[in-house]
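K.L.:
Sending over final.cif (mmCIF, C-alpha atoms).
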```cif
data_run
#
loop_
_atom_site.group_PDB
_atom_site.id
_atom_site.type_symbol
_atom_site.label_atom_id
_atom_site.label_comp_id
_atom_site.auth_asym_id
_atom_site.auth_seq_id
_atom_site.Cartn_x
_atom_site.Cartn_y
_atom_site.Cartn_z
ATOM 1 C CA MET A 1129 -111.247 -94.005 12.296
ATOM 2 C CA ASN A 1130 -110.230 -91.484 9.690
ATOM 3 C CA LEU A 1131 -110.311 -87.962 11.121
ATOM 4 C CA ALA A 1132 -110.200 -86.443 7.631
ATOM 5 C CA GLU A 1133 -113.797 -87.628 6.969
ATOM 6 C CA PRO A 1134 -116.639 -85.312 7.926
ATOM 7 C CA LEU A 1135 -118.222 -85.999 11.297
ATOM 8 C CA SER A 1136 -121.582 -86.914 9.736
ATOM 9 C CA LYS A 1137 -120.035 -89.757 7.714
ATOM 10 C CA ARG A 1138 -118.057 -91.159 10.635
ATOM 11 C CA HIS A 1139 -121.098 -91.572 12.873
ATOM 12 C CA ALA A 1140 -123.767 -92.276 10.286
ATOM 13 C CA PRO A 1141 -125.674 -95.497 10.956
ATOM 14 C CA LYS A 1142 -125.434 -98.235 8.380
ATOM 15 C CA LYS A 1143 -128.350 -98.339 5.991
ATOM 16 C CA ARG A 1144 -130.424 -101.479 6.153
ATOM 17 C CA ARG A 1145 -132.104 -102.882 3.125
ATOM 18 C CA PRO A 1146 -135.807 -103.366 3.768
ATOM 19 C CA THR A 1147 -136.916 -106.987 3.784
ATOM 20 C CA TRP A 1148 -140.181 -108.509 2.671
ATOM 21 C CA PHE A 1149 -142.794 -108.884 5.426
ATOM 22 C CA VAL A 1150 -145.262 -111.703 4.657
ATOM 23 C CA ARG A 1151 -148.624 -112.404 6.302
ATOM 24 C CA TYR A 1152 -150.392 -115.600 5.295
ATOM 25 C CA GLY A 1153 -154.102 -116.252 4.745
ATOM 26 C CA PRO A 1154 -157.235 -115.138 2.929
ATOM 27 C CA MET A 1155 -157.969 -112.314 5.348
ATOM 28 C CA GLU A 1156 -154.698 -110.723 4.204
ATOM 29 C CA TRP A 1157 -154.944 -110.986 0.410
ATOM 30 C CA ARG A 1158 -158.621 -109.935 0.328
ATOM 31 C CA ARG A 1159 -157.540 -106.376 1.202
ATOM 32 C CA PHE A 1160 -155.706 -106.104 -2.126
ATOM 33 C CA THR A 1161 -157.544 -108.245 -4.675
ATOM 34 C CA TYR A 1162 -160.629 -110.374 -5.279
ATOM 35 C CA ASP A 1163 -161.090 -114.140 -4.994
ATOM 36 C CA ARG A 1164 -159.841 -116.108 -8.020
ATOM 37 C CA THR A 1165 -161.291 -119.294 -9.471
ATOM 38 C CA PRO A 1166 -159.489 -122.543 -8.545
ATOM 39 C CA GLU A 1167 -158.774 -123.313 -12.211
ATOM 40 C CA GLY A 1168 -157.208 -119.865 -12.700
ATOM 41 C CA ASP A 1169 -153.523 -119.105 -13.165
ATOM 42 C CA LEU A 1170 -152.890 -117.760 -9.653
ATOM 43 C CA GLN A 1171 -152.754 -119.287 -6.186
ATOM 44 C CA LEU A 1172 -153.281 -116.551 -3.580
ATOM 45 C CA LEU A 1173 -151.070 -116.982 -0.511
ATOM 46 C CA GLY A 1174 -151.366 -113.864 1.630
ATOM 47 C CA SER A 1175 -150.132 -110.283 1.738
ATOM 48 C CA ILE A 1176 -146.638 -108.939 1.344
ATOM 49 C CA ARG A 1177 -145.055 -105.612 2.239
ATOM 50 C CA LYS A 1178 -141.670 -103.988 1.718
ATOM 51 C CA GLY A 1179 -141.426 -100.323 2.542
ATOM 52 C CA LEU A 1180 -144.267 -98.556 0.716
ATOM 53 C CA GLN A 1181 -144.795 -101.448 -1.687
ATOM 54 C CA ALA A 1182 -147.667 -103.684 -0.562
ATOM 55 C CA GLY A 1183 -150.144 -106.096 -2.105
ATOM 56 C CA ALA A 1184 -151.376 -109.660 -2.271
ATOM 57 C CA LEU A 1185 -148.792 -112.407 -2.710
ATOM 58 C CA ALA A 1186 -149.663 -114.989 -5.363
ATOM 59 C CA ARG A 1187 -147.894 -117.835 -7.138
ATOM 60 C CA THR A 1188 -148.459 -118.558 -10.812
ATOM 61 C CA ARG A 1189 -148.754 -122.063 -12.273
ATOM 62 C CA ASP A 1190 -145.108 -121.996 -13.367
ATOM 63 C CA GLY A 1191 -143.896 -121.150 -9.825
ATOM 64 C CA GLN A 1192 -143.236 -117.417 -10.310
ATOM 65 C CA TYR A 1193 -144.252 -115.162 -7.399
ATOM 66 C CA VAL A 1194 -146.205 -111.992 -8.165
ATOM 67 C CA LEU A 1195 -147.410 -108.986 -6.197
ATOM 68 C CA LEU A 1196 -151.093 -108.341 -6.919
ATOM 69 C CA VAL A 1197 -152.964 -105.087 -6.458
ATOM 70 C CA GLY A 1198 -156.393 -105.457 -8.031
ATOM 71 C CA ASP A 1199 -155.632 -106.953 -11.453
ATOM 72 C CA HIS A 1200 -152.113 -105.528 -11.756
ATOM 73 C CA GLU A 1201 -149.356 -108.155 -11.401
ATOM 74 C CA THR A 1202 -145.760 -107.248 -10.551
ATOM 75 C CA PRO A 1203 -143.230 -110.117 -10.829
ATOM 76 C CA LEU A 1204 -141.101 -110.725 -7.733
ATOM 77 C CA ASN A 1205 -137.710 -112.337 -7.164
ATOM 78 C CA SER A 1206 -138.425 -116.019 -6.441
ATOM 79 C CA SER A 1207 -135.393 -116.589 -4.206
ATOM 80 C CA GLN A 1208 -136.294 -113.589 -2.014
ATOM 81 C CA MET A 1209 -139.907 -114.776 -1.760
ATOM 82 C CA GLU A 1210 -138.914 -118.313 -0.781
ATOM 83 C CA LYS A 1211 -136.621 -116.885 1.894
ATOM 84 C CA ALA A 1212 -139.442 -114.648 3.184
ATOM 85 C CA LEU A 1213 -141.922 -117.552 3.189
ATOM 86 C CA LYS A 1214 -139.507 -119.754 5.152
ATOM 87 C CA SER A 1215 -139.327 -117.097 7.867
ATOM 88 C CA ILE A 1216 -143.079 -117.384 8.610
ATOM 89 C CA PRO A 1217 -143.758 -119.269 11.884
ATOM 90 C CA ARG A 1218 -145.335 -122.703 11.365
ATOM 91 C CA GLU A 1219 -148.569 -121.828 13.219
ATOM 92 C CA TYR A 1220 -149.356 -119.174 10.601
ATOM 93 C CA LEU A 1221 -149.070 -121.563 7.657
ATOM 94 C CA ALA A 1222 -152.342 -123.397 8.346
ATOM 95 C CA PRO A 1223 -155.343 -121.972 6.490
ATOM 96 C CA VAL A 1224 -157.417 -119.718 8.718
ATOM 97 C CA PRO A 1225 -161.163 -120.343 8.514
ATOM 98 C CA ILE A 1226 -163.320 -117.286 7.999
ATOM 99 C CA VAL A 1227 -165.912 -117.037 10.736
ATOM 100 C CA SER A 1228 -168.726 -114.559 10.462
ATOM 101 C CA GLN A 1229 -171.579 -114.353 12.893
ATOM 102 C CA ARG A 1230 -174.813 -113.096 11.443
ATOM 103 C CA THR A 1231 -177.450 -111.868 13.820
ATOM 104 C CA ASN A 1232 -181.122 -111.561 13.112
ATOM 105 C CA VAL A 1233 -182.031 -107.873 13.217
ATOM 106 C CA ALA A 1234 -185.518 -108.666 14.489
ATOM 107 C CA SER A 1235 -184.064 -110.380 17.575
ATOM 108 C CA LEU A 1236 -182.067 -107.311 18.617
ATOM 109 C CA PRO A 1237 -183.645 -104.972 21.181
ATOM 110 C CA ALA A 1238 -184.691 -101.527 19.979
ATOM 111 C CA PRO A 1239 -182.204 -98.776 20.807
ATOM 112 C CA VAL A 1240 -183.052 -96.488 23.711
ATOM 113 C CA VAL A 1241 -182.844 -92.776 22.950
ATOM 114 C CA THR A 1242 -182.790 -90.259 25.766
ATOM 115 C CA VAL A 1243 -183.467 -86.620 24.941
ATOM 116 C CA LYS A 1244 -182.195 -84.291 27.637
ATOM 117 C CA LYS A 1245 -183.554 -80.825 28.200
ATOM 118 C CA ARG A 1246 -181.266 -77.919 27.375
ATOM 119 C CA ARG A 1247 -180.158 -75.720 30.196
ATOM 120 C CA VAL A 1248 -181.572 -72.256 29.942
ATOM 121 C CA ILE A 1249 -180.031 -69.325 31.798
ATOM 122 C CA VAL A 1250 -182.731 -67.550 33.773
ATOM 123 C CA PRO A 1251 -181.988 -63.852 34.454
ATOM 124 C CA ALA A 1252 -181.957 -63.134 38.167
#
```
Could you rewrite the structure in this file as C-alpha cells?
P.N.:
Amino acid sequence: MNLAEPLSKRHAPKKRRPTWFVRYGPMEWRRFTYDRTPEGDLQLLGSIRKGLQAGALARTRDGQYVLLVGDHETPLNSSQMEKALKSIPREYLAPVPIVSQRTNVASLPAPVVTVKKRRVIVPA
C-alpha cells in the first residue's frame, strides 16, 4: 500500500468490464426486429445485452454474429459471442413454442357496471 497515493485511488473498487447477457428464443428477438424468411441471410437466435447496448442476436450465413435493431446490423466479435452462447444453460437452448390462447368475445360475460350515488352534504 503506497501512502503517497490519494485515498480515493487506494480504496477504489476495480472496474469490471461488462459482459454480454444472452437470452435465447423467438420471444426475445421479436422485441427488436421482425421475422425473417428462412432463405434469408440471417438466422435469429435471441436477444443480447451489454450495458446500454441491446438488440436481437443473429448469425449470418458466413458465421458472423450481428446485433440487430430493426434493419440496422452491427457486427459483433465472434469469439465473445461464442463464449456468451456457451454460458447459456442447456434448458434454454431448446426452441420455445409460442402459445397464444384466443377467446371468443361472444362467449365472455358482459361486464357489470355499478354506479354509486355521490354523497351530498346536507346542511343541518
K.L.:
Neighbouring residues of Gln1208 (chain A) were defined as those with any atom within 12 Å, considering only C-alpha atoms; residues of the same chain fewer than 4 positions away were excluded. Please report them as a ChimeraX atom specification.
P.N.:
/A:1146-1150,1176,1178,1192-1194,1203-1204,1212-1215
K.L.:
Check which residues satisfy the PyMOL selection byres ((chain A and resi 1184) around 7) in the file shown, then give them as a ChimeraX atom specification.
P.N.:
/A:1157,1160-1161,1174-1176,1183,1185-1186,1195-1197
K.L.:
Taking all atoms of region 1194-1200 of chain A that appear in the file, build a box with edges along x, y and z, extend it by 6 Å on every side, and state its centre and edge lengths in Å to one decimal, as JSON.
P.N.:
```
{"center_x": -151.3, "center_y": -108.5, "center_z": -9.0, "size_x": 22.2, "size_y": 18.9, "size_z": 17.6}
```
K.L.:
So how many Å separate CA of Glu1210 (chain A) and CA of Arg1187 (chain A), to one decimal?
P.N.:
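If I compute the distance from CA of Glu1210 (chain A) to CA of Arg1187 (chain A), I get 11.0 Å.
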K.L.:
Show which residues sit within 12 Å of Arg1164 (chain A), as JSON, numbers by chain. Count only C-alpha atoms, and ignore same-chain residues fewer than 5 positions away.
P.N.:
{"A": [1154, 1157, 1158, 1169, 1170, 1171, 1172, 1173, 1186, 1188, 1196, 1198, 1199]}
K.L.:
Measure the distance from CA of Ala1182 (chain A) to CA of Arg1159 (chain A) in Å and round it to one decimal.
P.N.:
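Pair CA of Ala1182 (chain A) / CA of Arg1159 (chain A) returns 10.4 Å.
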K.L.:
Between CA of Tyr1152 (chain A) and CA of Met1209 (chain A), what distance in Å does the model show, to one decimal?
P.N.:
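It comes out at 12.7 Å.
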K.L.:
So, with all atoms listed in the file as the atoms that count, which of A:Arg1189, A:Asn1205, A:Ala1238, A:Val1248 lies closest to Gly1168 (chain A)?
P.N.:
A:Arg1189
